[in-house]
Every structure is written in structure tokens, then in C-alpha cells.
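Here is the file input_8.cif (mmCIF, C-alpha atoms).
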```cif
data_model
loop_
_atom_site.label_atom_id
_atom_site.label_comp_id
_atom_site.auth_asym_id
_atom_site.auth_seq_id
_atom_site.Cartn_x
_atom_site.Cartn_y
_atom_site.Cartn_z
CA MET A 279 0.00 0.00 0.00
CA LYS A 280 1.62 3.18 -1.20
CA ASN A 281 0.26 5.63 1.38
CA ASP A 282 0.48 3.55 4.52
CA TYR A 283 2.93 5.96 6.04
CA SER A 284 0.57 8.89 6.23
CA LEU A 285 -2.39 6.66 6.96
CA HIS A 286 -0.79 5.19 10.07
CA GLU A 287 0.19 8.62 11.32
CA LEU A 288 -3.35 9.88 10.87
CA ILE A 289 -4.76 6.87 12.72
CA GLU A 290 -2.30 7.43 15.57
CA LYS A 291 -3.06 11.13 15.94
CA TYR A 292 -6.66 11.83 15.04
CA ASP A 293 -10.19 10.50 15.31
CA PHE A 294 -11.90 10.13 11.97
CA SER A 295 -14.12 13.12 12.76
CA GLU A 296 -11.06 15.30 13.41
CA LEU A 297 -9.69 14.77 9.91
CA THR A 298 -10.07 17.37 7.19
CA LYS A 299 -12.26 16.49 4.21
CA GLU A 300 -9.20 15.86 2.08
CA GLN A 301 -7.73 13.56 4.70
CA GLN A 302 -11.04 11.75 5.07
CA GLN A 303 -11.19 11.21 1.33
CA PHE A 304 -7.66 9.85 1.35
CA VAL A 305 -8.39 7.56 4.31
CA LEU A 306 -11.55 6.20 2.68
CA THR A 307 -9.57 5.12 -0.38
CA GLU A 308 -7.59 2.78 1.93
CA VAL A 309 -9.90 1.75 4.79
CA SER A 310 -13.51 2.25 5.82
CA SER A 311 -14.36 4.67 8.62
CA ASP A 312 -15.24 1.69 10.86
CA GLU A 313 -11.85 0.09 10.22
CA TYR A 314 -10.18 3.42 10.90
CA ALA A 315 -11.95 3.67 14.26
CA GLU A 316 -11.07 0.04 15.04
CA PHE A 317 -7.37 0.52 14.26
CA ARG A 318 -7.25 3.74 16.25
CA ASN A 319 -8.85 2.00 19.19
CA THR A 320 -6.25 -0.80 18.96
CA ILE A 321 -3.41 1.73 19.00
CA LEU A 322 -4.81 3.57 22.00
CA GLU A 323 -5.42 0.31 23.87
CA THR A 324 -1.89 -0.90 23.09
CA ALA A 325 -0.28 2.34 24.27
CA ALA A 326 -2.41 2.28 27.43
CA TYR A 327 -1.52 -1.38 28.04
CA PHE A 328 2.22 -0.66 27.97
CA ASP A 329 1.82 2.45 30.13
CA GLU A 330 0.01 0.45 32.79
CA GLN A 331 2.66 -2.26 33.01
CA PRO A 332 5.06 -2.02 35.97
CA VAL A 333 8.67 -1.23 35.14
CA LEU A 334 10.80 -4.35 35.23
CA MET A 335 13.97 -4.11 37.26
CA ALA A 336 17.07 -6.03 36.28
CA GLU A 337 18.18 -6.32 39.90
CA ASP A 338 19.30 -9.93 39.82
CA LEU A 339 21.35 -9.48 36.66
CA ILE A 340 25.10 -9.30 37.00
CA VAL A 341 27.22 -6.60 35.42
CA PRO A 342 29.73 -8.45 33.24
CA GLU A 343 33.26 -8.17 34.57
CA LEU A 344 35.97 -7.04 32.24
CA LYS A 345 39.13 -9.07 32.34
CA THR A 346 42.34 -7.08 32.57
CA GLU A 347 44.98 -9.13 30.81
CA ASN A 348 48.71 -8.68 31.02
CA VAL A 349 50.25 -7.50 27.72
CA LEU A 350 52.64 -10.47 27.71
CA ILE A 351 49.81 -12.95 28.20
CA LYS A 352 47.89 -11.19 25.44
CA MET A 353 50.84 -11.61 23.08
CA VAL A 354 51.29 -15.27 23.97
CA ASN A 355 47.59 -15.97 23.55
CA TYR A 356 47.37 -14.10 20.28
CA LYS A 357 46.30 -16.46 17.56
CA LEU A 358 47.48 -15.55 14.11
CA PRO A 359 44.84 -16.52 11.55
CA VAL A 360 46.25 -19.06 9.06
CA TYR A 361 44.54 -17.44 6.07
CA LYS A 362 46.25 -14.11 6.84
CA VAL A 363 49.67 -15.76 6.98
CA ALA A 364 49.02 -17.56 3.69
CA ALA A 365 47.81 -14.35 2.02
CA ALA A 366 50.86 -12.45 3.25
CA MET A 367 53.20 -15.15 1.91
CA ILE A 368 51.53 -15.05 -1.51
CA VAL A 369 51.84 -11.25 -1.65
CA VAL A 370 55.54 -11.40 -0.69
CA PHE A 371 56.15 -14.09 -3.33
CA PHE A 372 54.54 -12.02 -6.09
CA ILE A 373 56.28 -8.82 -5.11
CA ASN A 374 59.58 -10.67 -5.11
CA ASN A 375 58.99 -11.95 -8.64
CA LEU A 376 57.61 -8.74 -10.08
CA ILE A 377 60.38 -6.37 -9.05
CA PRO A 378 63.35 -6.61 -11.51
CA GLU A 379 66.73 -7.39 -10.11
CA GLU A 380 68.77 -4.35 -9.19
CA ILE A 381 70.90 -3.02 -12.02
CA SER A 382 74.50 -2.73 -10.92
CA THR A 383 76.05 0.74 -11.01
CA ASN A 384 78.85 -0.46 -13.31
CA VAL A 385 76.42 -1.41 -16.04
CA GLN A 386 74.65 1.92 -15.70
CA VAL A 387 77.95 3.77 -16.18
CA ALA A 388 78.73 1.69 -19.25
CA GLU A 389 75.33 2.51 -20.71
CA THR A 390 75.77 6.25 -20.19
CA GLN A 391 79.12 6.15 -21.92
CA ASN A 392 77.79 4.56 -25.09
CA GLU A 393 78.08 6.65 -28.21
CA PHE A 394 75.72 6.04 -31.04
CA ILE A 395 76.57 6.85 -34.62
CA ILE A 396 73.45 8.36 -36.12
CA ASP A 397 74.61 9.12 -39.58
CA THR A 398 77.79 9.29 -41.64
CA ASP A 399 78.32 10.80 -45.01
CA THR A 400 81.51 9.01 -45.82
CA PHE A 401 82.67 5.56 -45.29
CA LEU A 402 84.95 4.90 -42.48
CA THR A 403 88.48 4.17 -43.39
CA TYR A 404 90.83 2.67 -41.07
CA ASN A 405 94.28 1.50 -40.87
CA ARG A 406 95.07 -1.48 -38.92
CA TYR A 407 98.15 -1.54 -36.82
CA SER A 408 99.24 -4.61 -35.22
CA SER A 409 101.06 -4.10 -32.03
CA LYS A 410 101.15 -7.04 -29.82
CA ASN A 411 97.58 -8.06 -29.22
CA SER A 412 95.87 -4.67 -29.61
CA ILE A 413 94.03 -3.27 -32.62
CA LYS A 414 94.10 0.47 -33.29
CA TYR A 415 91.71 2.30 -35.55
CA ASP A 416 92.63 5.38 -37.50
CA GLU A 417 89.80 7.61 -38.62
CA GLY A 418 91.83 9.08 -41.44
CA LEU A 419 89.65 11.22 -43.71
CA SER A 420 86.39 9.99 -42.39
CA LYS A 421 83.79 12.34 -40.94
CA VAL A 422 81.51 11.21 -38.29
CA TYR A 423 78.37 13.06 -37.26
CA TYR A 424 76.76 12.37 -34.00
CA MET B 228 37.53 9.17 35.09
CA ILE B 229 34.04 8.17 33.97
CA GLU B 230 31.42 10.81 34.62
CA LYS B 231 27.65 10.58 34.64
CA GLY B 232 27.47 13.13 31.84
CA TYR B 233 29.28 10.84 29.40
CA SER B 234 27.19 9.96 26.37
CA ASP B 235 26.59 6.29 25.53
CA GLU B 236 28.92 6.59 22.58
CA MET B 237 31.73 8.00 24.75
CA LEU B 238 31.33 5.10 27.16
CA VAL B 239 31.57 2.54 24.38
CA LYS B 240 34.64 4.35 23.08
CA VAL B 241 36.24 3.76 26.49
CA LEU B 242 35.44 0.04 26.14
CA GLN B 243 36.84 -0.04 22.62
CA GLN B 244 40.05 1.88 23.06
CA ASP B 245 41.40 0.62 26.35
CA VAL B 246 41.44 4.13 27.77
CA GLY B 247 40.06 5.08 31.18
CA ASP B 248 38.24 2.82 33.56
CA LYS B 249 36.55 0.23 31.36
CA GLN B 250 34.68 -1.45 34.20
CA LYS B 251 33.11 1.85 35.28
CA ALA B 252 32.05 2.52 31.70
CA MET B 253 30.48 -0.93 31.57
CA ASN B 254 28.67 -0.37 34.88
CA GLU B 255 27.29 2.91 33.62
CA LEU B 256 26.00 1.38 30.38
CA PHE B 257 24.51 -1.51 32.32
CA GLY B 258 22.72 0.91 34.62
CA ARG B 259 21.30 2.83 31.68
CA TYR B 260 20.13 -0.07 29.57
CA SER B 261 19.63 -3.23 31.63
CA ASN B 262 16.01 -2.50 32.63
CA LYS B 263 15.05 -1.42 29.13
CA MET B 264 16.60 -4.47 27.52
CA LEU B 265 15.01 -6.75 30.07
CA GLU B 266 11.63 -5.25 29.20
CA PHE B 267 12.31 -5.51 25.48
CA PHE B 268 13.03 -9.24 25.75
CA TYR B 269 10.25 -9.75 28.29
CA TYR B 270 7.56 -8.52 25.90
CA SER B 271 9.21 -10.07 22.86
CA PHE B 272 9.27 -13.50 24.49
CA ASN B 273 5.64 -13.27 25.57
CA ARG B 274 6.38 -12.23 29.16
CA ASP B 275 8.87 -15.00 29.85
CA ARG B 276 10.94 -13.33 32.57
CA GLU B 277 13.62 -16.03 32.87
CA LYS B 278 14.29 -16.06 29.15
CA ALA B 279 14.34 -12.26 29.12
CA LYS B 280 16.95 -12.27 31.88
CA ASP B 281 19.14 -14.78 30.03
CA PHE B 282 18.98 -12.80 26.83
CA THR B 283 19.70 -9.50 28.55
CA GLN B 284 22.74 -11.02 30.21
CA ASP B 285 23.90 -12.43 26.85
CA LEU B 286 23.43 -9.07 25.20
CA PHE B 287 25.75 -7.35 27.68
CA LEU B 288 28.27 -10.17 27.36
CA LYS B 289 28.31 -9.55 23.62
CA LEU B 290 29.11 -5.91 24.32
CA VAL B 291 31.96 -6.86 26.66
CA GLU B 292 33.42 -9.42 24.28
CA LYS B 293 33.20 -7.36 21.13
CA PRO B 294 32.74 -3.64 21.73
CA SER B 295 34.51 -3.03 18.42
CA ALA B 296 31.35 -4.22 16.64
CA PHE B 297 29.79 -0.86 17.43
CA ASP B 298 30.41 2.03 15.04
CA ILE B 299 30.94 5.07 17.30
CA ASN B 300 29.65 7.41 14.60
CA LYS B 301 26.18 5.91 14.98
CA SER B 302 23.71 6.01 17.85
CA PHE B 303 24.52 3.42 20.51
CA LYS B 304 20.89 3.19 21.59
CA SER B 305 19.71 2.23 18.10
CA TRP B 306 22.57 -0.20 17.64
CA PHE B 307 21.95 -1.88 20.98
CA TYR B 308 18.22 -2.29 20.34
CA SER B 309 19.07 -3.55 16.87
CA VAL B 310 21.34 -6.27 18.28
CA ALA B 311 18.63 -7.22 20.78
CA SER B 312 16.02 -7.34 18.04
CA ASN B 313 18.22 -9.61 15.91
CA MET B 314 18.84 -11.88 18.90
CA TYR B 315 15.10 -12.23 19.38
CA LYS B 316 14.47 -12.92 15.68
CA ASN B 317 17.24 -15.53 15.56
CA GLU B 318 15.82 -17.25 18.60
CA TYR B 319 12.37 -17.23 17.06
CA ARG B 320 13.70 -18.79 13.85
CA LYS B 321 15.61 -21.43 15.80
CA ASN B 322 12.55 -22.48 17.69
CA THR B 323 10.03 -22.48 14.89
CA THR B 324 8.81 -25.92 15.78
CA GLU B 325 8.60 -25.04 19.43
CA ASN B 326 6.70 -21.87 18.58
CA LYS B 327 4.20 -23.85 16.57
CA TYR B 328 3.65 -26.01 19.62
CA ASN B 329 3.24 -22.91 21.81
CA GLU B 330 0.74 -21.43 19.38
CA PHE B 331 -1.19 -24.63 19.60
CA VAL B 332 -1.15 -24.44 23.40
CA ILE B 333 -2.20 -20.79 23.35
CA HIS B 334 -5.05 -21.56 20.97
CA ASP B 335 -6.11 -24.40 23.18
CA SER B 336 -6.00 -22.39 26.37
CA LYS B 337 -7.68 -19.46 24.65
CA SER B 338 -10.74 -21.43 23.74
CA SER B 339 -11.21 -22.29 27.39
CA LEU B 340 -10.52 -18.70 28.45
CA GLU B 341 -12.98 -17.24 25.97
CA THR B 342 -15.87 -18.70 27.86
CA SER B 343 -14.71 -17.20 31.13
CA ARG B 344 -13.68 -13.76 29.77
CA VAL B 345 -16.24 -11.18 30.79
CA ASP B 346 -14.97 -7.90 29.42
CA GLY B 347 -12.61 -6.92 26.66
CA PHE B 348 -9.56 -8.82 25.48
CA ASP B 349 -6.21 -9.94 26.72
CA MET B 350 -3.51 -7.85 25.10
CA ASN B 351 -0.79 -10.31 26.17
CA GLU B 352 -2.33 -13.07 24.11
CA ALA B 353 -2.98 -10.84 21.14
CA LEU B 354 0.66 -9.69 21.18
CA ALA B 355 1.83 -13.28 21.38
CA TYR B 356 0.15 -14.00 18.07
CA LEU B 357 1.99 -11.29 16.16
CA LYS B 358 4.82 -12.28 13.89
CA PRO B 359 8.28 -11.16 15.16
CA SER B 360 8.75 -8.12 12.92
CA HIS B 361 5.27 -6.81 13.77
CA LYS B 362 5.71 -7.47 17.46
CA ASN B 363 9.05 -5.64 17.44
CA SER B 364 7.47 -2.64 15.74
CA ILE B 365 4.63 -2.47 18.26
CA ILE B 366 6.96 -2.82 21.26
CA LEU B 367 9.45 -0.22 20.03
CA ARG B 368 6.73 2.28 19.14
CA TYR B 369 4.30 1.95 22.04
CA LYS B 370 6.46 0.60 24.86
CA PHE B 371 9.67 2.52 24.20
CA LYS B 372 8.00 5.47 22.43
CA MET B 373 10.54 5.50 19.64
CA SER B 374 10.25 7.86 16.70
CA ILE B 375 9.86 6.46 13.19
CA LYS B 376 13.44 7.53 12.44
CA GLU B 377 14.84 5.68 15.46
CA MET B 378 12.79 2.61 14.58
CA GLY B 379 14.25 2.70 11.09
CA GLU B 380 17.76 2.60 12.56
CA VAL B 381 16.87 -0.24 14.93
CA LEU B 382 15.03 -2.34 12.38
CA GLU B 383 17.54 -1.41 9.67
CA CYS B 384 14.96 -0.36 7.12
CA PRO B 385 13.69 2.90 5.54
CA GLU B 386 11.16 5.05 7.41
CA GLY B 387 8.48 4.27 4.84
CA THR B 388 8.87 0.57 5.55
CA VAL B 389 8.59 1.22 9.30
CA ARG B 390 5.31 3.11 8.81
CA SER B 391 4.02 0.37 6.58
CA GLN B 392 5.02 -2.30 9.12
CA LEU B 393 3.30 -0.38 11.91
CA PHE B 394 0.10 -0.17 9.89
CA TYR B 395 0.07 -3.90 9.14
CA ALA B 396 1.03 -4.73 12.73
CA THR B 397 -1.92 -2.65 13.98
CA LYS B 398 -4.18 -4.34 11.46
CA GLU B 399 -3.00 -7.77 12.58
CA LEU B 400 -3.36 -6.89 16.26
CA SER B 401 -6.87 -5.59 15.66
CA LYS B 402 -7.78 -8.86 14.02
CA TYR B 403 -6.68 -10.91 17.04
CA ILE B 404 -8.27 -8.55 19.52
CA LYS B 405 -11.49 -8.67 17.56
CA LYS B 406 -11.33 -12.46 17.49
CA GLU B 407 -10.84 -12.59 21.20
CA GLU B 408 -13.70 -10.23 21.83
CA LEU B 409 -16.09 -12.58 20.07
#
```
If you convert what's in this file into C-alpha cells, what do you get?
Amino acid sequence: MKNDYSLHELIEKYDFSELTKEQQQFVLTEVSSDEYAEFRNTILETAAYFDEQPVLMAEDLIVPELKTENVLIKMVNYKLPVYKVAAAMIVVFFINNLIPEEISTNVQVAETQNEFIIDTDTFLTYNRYSSKNSIKYDEGLSKVYY
Amino acid sequence: MIEKGYSDEMLVKVLQQDVGDKQKAMNELFGRYSNKMLEFFYYSFNRDREKAKDFTQDLFLKLVEKPSAFDINKSFKSWFYSVASNMYKNEYRKNTTENKYNEFVIHDSKSSLETSRVDGFDMNEALAYLKPSHKNSIILRYKFKMSIKEMGEVLECPEGTVRSQLFYATKELSKYIKKEEL
């Protein structure tokens, strides 16, 4: 019922005769005037019933005592949930595999010292000198653009 | 130092955060709510005082064991009644078979009472017939004089639903009262 909310409030607060014409019209679309009076009577009787009842006293109930535990005992008694441990281990495993190994500083230096030949307009000529085990390059007339 | 002026929420905060005198906070909350909760269970369980006492004690034990379950940004009163209401509903569900038996007994005893009843009806019996959600609505509204908004927080439903439930609960109650008047 769409308008129950206002209907119940009207029943709680007013007799049918106290309603405005508009309210009466609205009420009559939902319940008859007899039903309205019956429901109102029930509400008033219910409220009166609860008002008449003696207040119950919780005298024989006991206030729960709070245990004060030693911090050490707390730590010893602490139970670590197995699923949390397992989840943590999985996370650590994945993180370990995802992060690339650390690049050593030597390699980084070597990379920064690389020189790349972008373009040349002449061919590179070189003379080879043999001196013991080393090879020497002579640029000669070549031009190199970087 | 726990003072009388502390709000319910402040007292629960003491229980939650291990600050101040927790036992005093508990005593204060017990003083404020034990009678009310006893009455709530008493009327919910069809005036069974022993059962009401057991459930009230259990309710406070729940608070002691797990105060963290309460969200301090909400109203403690609504939350506490809500827990009590759920305890009652769970118990009702658990004992469906037993309840059916009780209904049978009530019906049986009612037929014998009807002949002896001179005036009016017995509200206790009529309330006992109501289904749990309707009974809760009636008790919260007319025993504890809660507003629709508060009831919505306790019953965990929108205000419109509360109004609707109250209407149907009244309708149902009227039916039983009418029956008993016959």
C-alpha cells in the first residue's frame, strides 16, 4: 500500500471526525471509517496497556566483569589466523617476482658512456696496426656526425 | 575518570580503546540499559521473565566481548536495540517448531478462556500471536516510544517501511483482539 505511512500517522493522531475532508477522502480510499476507528482503538489500547505495566527491574542481573589481561599474556595468547599468513606469503612471493633485479652501477655507467653513430656521409676508413695483441683504428679522412 | 554526563557513545569508546576505567564505563551502560533491555526481551518473548533475563545477560556479554562491533559514529541506543532485536528474531527462527507447539497451546487455552472472559480482550495473548517483525514494531513504538526515524535505525529499514510495518502490525493486532472479543 503506497500511502500507509501517512495513513498510520493519521490513525495514531486523530479521530476520523477530526480529519479534514481531504484527509477523510484519502483515508476512505484505503480503509472504511469503521476500520479506521477500530485501528485507532487498537493503537490507544496498546499504548495504554504498555503504560500500565510495571517497570521491570534487572536487579538480579550481574554486570559483566571485564578481564584485565597482562600484555605479555595477550601476546602469547594471540592467535594468528592461518589465512592471513598464507595471504601475506603469496603477496611477498609475487612482489619478489615482479620487481626486476637491481641493475648494478657499473652497467649503468657503461650505458651512459655509449656513443651512437646516427649518420655518416663518408665511409669509415681505417688502418690497422698490429702491435702485440691490440688493434688500433685510425679515422683518417672519415667524418663522423653524431 | 568516567562521569555521569558521558554519552553512551563516549562510554563505548572507552570500552573499545582501552582508555580510562573500562569497568566503570560498563557499569554505567549496564545501569542505563539493563532494565530497558530486560523489558524488550520480556515482551518479545511473551512475558517469559527467565528467558528475558538470560537474553539481557547475553546481550551485555556480547558488548563486553566485542565492543569493536559498534560504530561510534552511529547512535549506541539504536545499535543496541538492533542487536537485541536480531537476537530475538534468531531465537524465534531457531525455535520455529517449538513456537508452533506454543501457538497450539495458546489456541487451546484461549478457547477455554474465551468462555470465562467477561470484558474486553487480553492484550498479552494478542501480542503473542503477532509475527516477530510486527511485534518488534509495536513494542518499540508503544512501549519505548521511539520515533519512526529511530525505529528505522533499529530495524535497519527505511522510514516508509517502518510506517508500513506499523500499519500492518496494527491491522494484525486488531484482528486478534477482535477475534478474542467474540
From A:Leu297, A:Ala336, A:Val305, A:Ile289, residue lying nearest Asn319 of chain A [all atoms listed in the file]: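 The shortest atom-to-atom distance to Asn319 of chain A comes from A:Ile289.
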List every residue of chain B that has an atom at most 9 Å from any atom of chain A, and for each one report the closest atom pair and its distance in Å to one decimal, counting all atoms listed in the file, with rows sorted by chain and then by increasing residue number, as a tab-separated table.
```
residue	atom	partner	partner_atom	distance
B:Lys249	CA	A:Leu344	CA	7.3
B:Gln250	CA	A:Leu344	CA	6.1
B:Met253	CA	A:Val341	CA	7.6
B:Asn254	CA	A:Val341	CA	6.4
B:Phe257	CA	A:Val341	CA	6.5
B:Gly258	CA	A:Val341	CA	8.8
B:Ser261	CA	A:Ala336	CA	6.0
B:Asn262	CA	A:Ala336	CA	5.2
B:Lys263	CA	A:Leu334	CA	8.0
B:Met264	CA	A:Ala336	CA	8.9
B:Leu265	CA	A:Ala336	CA	6.6
B:Glu266	CA	A:Leu334	CA	6.2
B:Tyr269	CA	A:Leu334	CA	8.8
B:Lys280	CA	A:Leu339	CA	7.1
B:Asp281	CA	A:Leu339	CA	8.8
B:Thr283	CA	A:Leu339	CA	8.3
B:Gln284	CA	A:Leu339	CA	6.8
B:Phe287	CA	A:Pro342	CA	6.9
B:Leu288	CA	A:Pro342	CA	6.3
B:Val291	CA	A:Leu344	CA	6.9
B:Glu292	CA	A:Leu344	CA	8.7
B:Met350	CA	A:Tyr327	CA	7.4
B:Ile365	CA	A:Thr324	CA	8.3
B:Ile366	CA	A:Phe328	CA	8.5
B:Arg368	CA	A:Ala325	CA	8.7
B:Tyr369	CA	A:Ala325	CA	5.1
B:Lys370	CA	A:Phe328	CA	5.4
B:Phe371	CA	A:Phe328	CA	8.9
B:Glu386	CA	A:Tyr283	CA	8.4
B:Gly387	CA	A:Tyr283	CA	5.9
B:Thr388	CA	A:Tyr283	CA	8.0
B:Val389	CA	A:Tyr283	CA	8.1
B:Arg390	CA	A:Tyr283	CA	4.6
B:Ser391	CA	A:Asp282	CA	5.2
B:Gln392	CA	A:Asp282	CA	8.7
B:Leu393	CA	A:His286	CA	7.2
B:Phe394	CA	A:His286	CA	5.4
B:Tyr395	CA	A:Asp282	CA	8.8
B:Thr397	CA	A:Phe317	CA	6.3
B:Lys398	CA	A:Phe317	CA	6.5
B:Leu400	CA	A:Thr320	CA	7.3
B:Ser401	CA	A:Thr320	CA	5.8
B:Ile404	CA	A:Thr320	CA	8.0
```
Exactly which residues make up the result of the PyMOL selection byres ((chain B and resi 316) around 12) on this file, given as a list in words?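 Expected selection for the PyMOL selection byres ((chain B and resi 316) around 12) here is Phe268, Ser271, Phe272, Ser309, Val310, Ala311, Ser312, Asn313, Met314, Tyr315, Asn317, Glu318, Tyr319, Arg320, Lys321, Asn322, Thr323, Lys358, Pro359, Ser360, His361, Lys362, Asn363 and Leu382 of chain B.
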Could you please determine the separation between atom CA of Phe303 of chain B and atom CA of Arg276 of chain B in Å, to one decimal place? 24.7 Å
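Candidate residues A:Leu288, A:Lys362, A:Phe294, A:Val369 were compared for distance to Asp312 of chain A, and the nearest is A:Phe294, using only C-alpha atoms.
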Test item: residues at most 10 Å from Lys301 of chain B, all atoms listed in the file, excluding those fewer than 4 positions along its chain, as a PDB file with C-alpha atoms, in the coordinates of the input:
```
ATOM      1  CA  GLU B 236      28.920   6.590  22.580  1.00  0.00           C
ATOM      2  CA  PHE B 297      29.790  -0.860  17.430  1.00  0.00           C
ATOM      3  CA  SER B 305      19.710   2.230  18.100  1.00  0.00           C
ATOM      4  CA  TRP B 306      22.570  -0.200  17.640  1.00  0.00           C
ATOM      5  CA  GLU B 380      17.760   2.600  12.560  1.00  0.00           C
TER       6      GLU B 380
END
```
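Between atom CA of Leu242 of chain B and atom CA of Tyr270 of chain B lies a distance of 29.2 Å.
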Pick the closest to Ala315 of chain A from A:Phe371, A:Pro378, A:Gln303, A:Ser295: which is it, counting all atoms listed in the file?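 Ranking A:Phe371, A:Pro378, A:Gln303, A:Ser295 by distance to Ala315 of chain A, first place goes to A:Ser295.
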Using only C-alpha atoms, can you tell me which of B:Phe307, B:Lys402, B:Asp248, B:Ala396 comes closest to Glu377 of chain B?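 Of B:Phe307, B:Lys402, B:Asp248, B:Ala396, the one nearest Glu377 of chain B is B:Phe307, counting only C-alpha atoms.
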So the first atom is atom CA of Glu352 of chain B and the second is atom CA of Asn273 of chain B; what is the distance between them in Å, to one decimal place?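 Here the two named atoms are 8.1 Å from each other.
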Exercise on segment 371-385 of chain B, axis-aligned box with 6 Å per side, report centre and edge lengths in Å to one decimal, as JSON:
```
{"center_x": 12.9, "center_y": 2.8, "center_z": 14.9, "size_x": 21.8, "size_y": 22.2, "size_z": 30.7}
```
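Using only C-alpha atoms, the shortest contact distance between Leu357 of chain B and any of B:Val381, B:Lys376, B:Lys251, B:Tyr403 is found at B:Tyr403.
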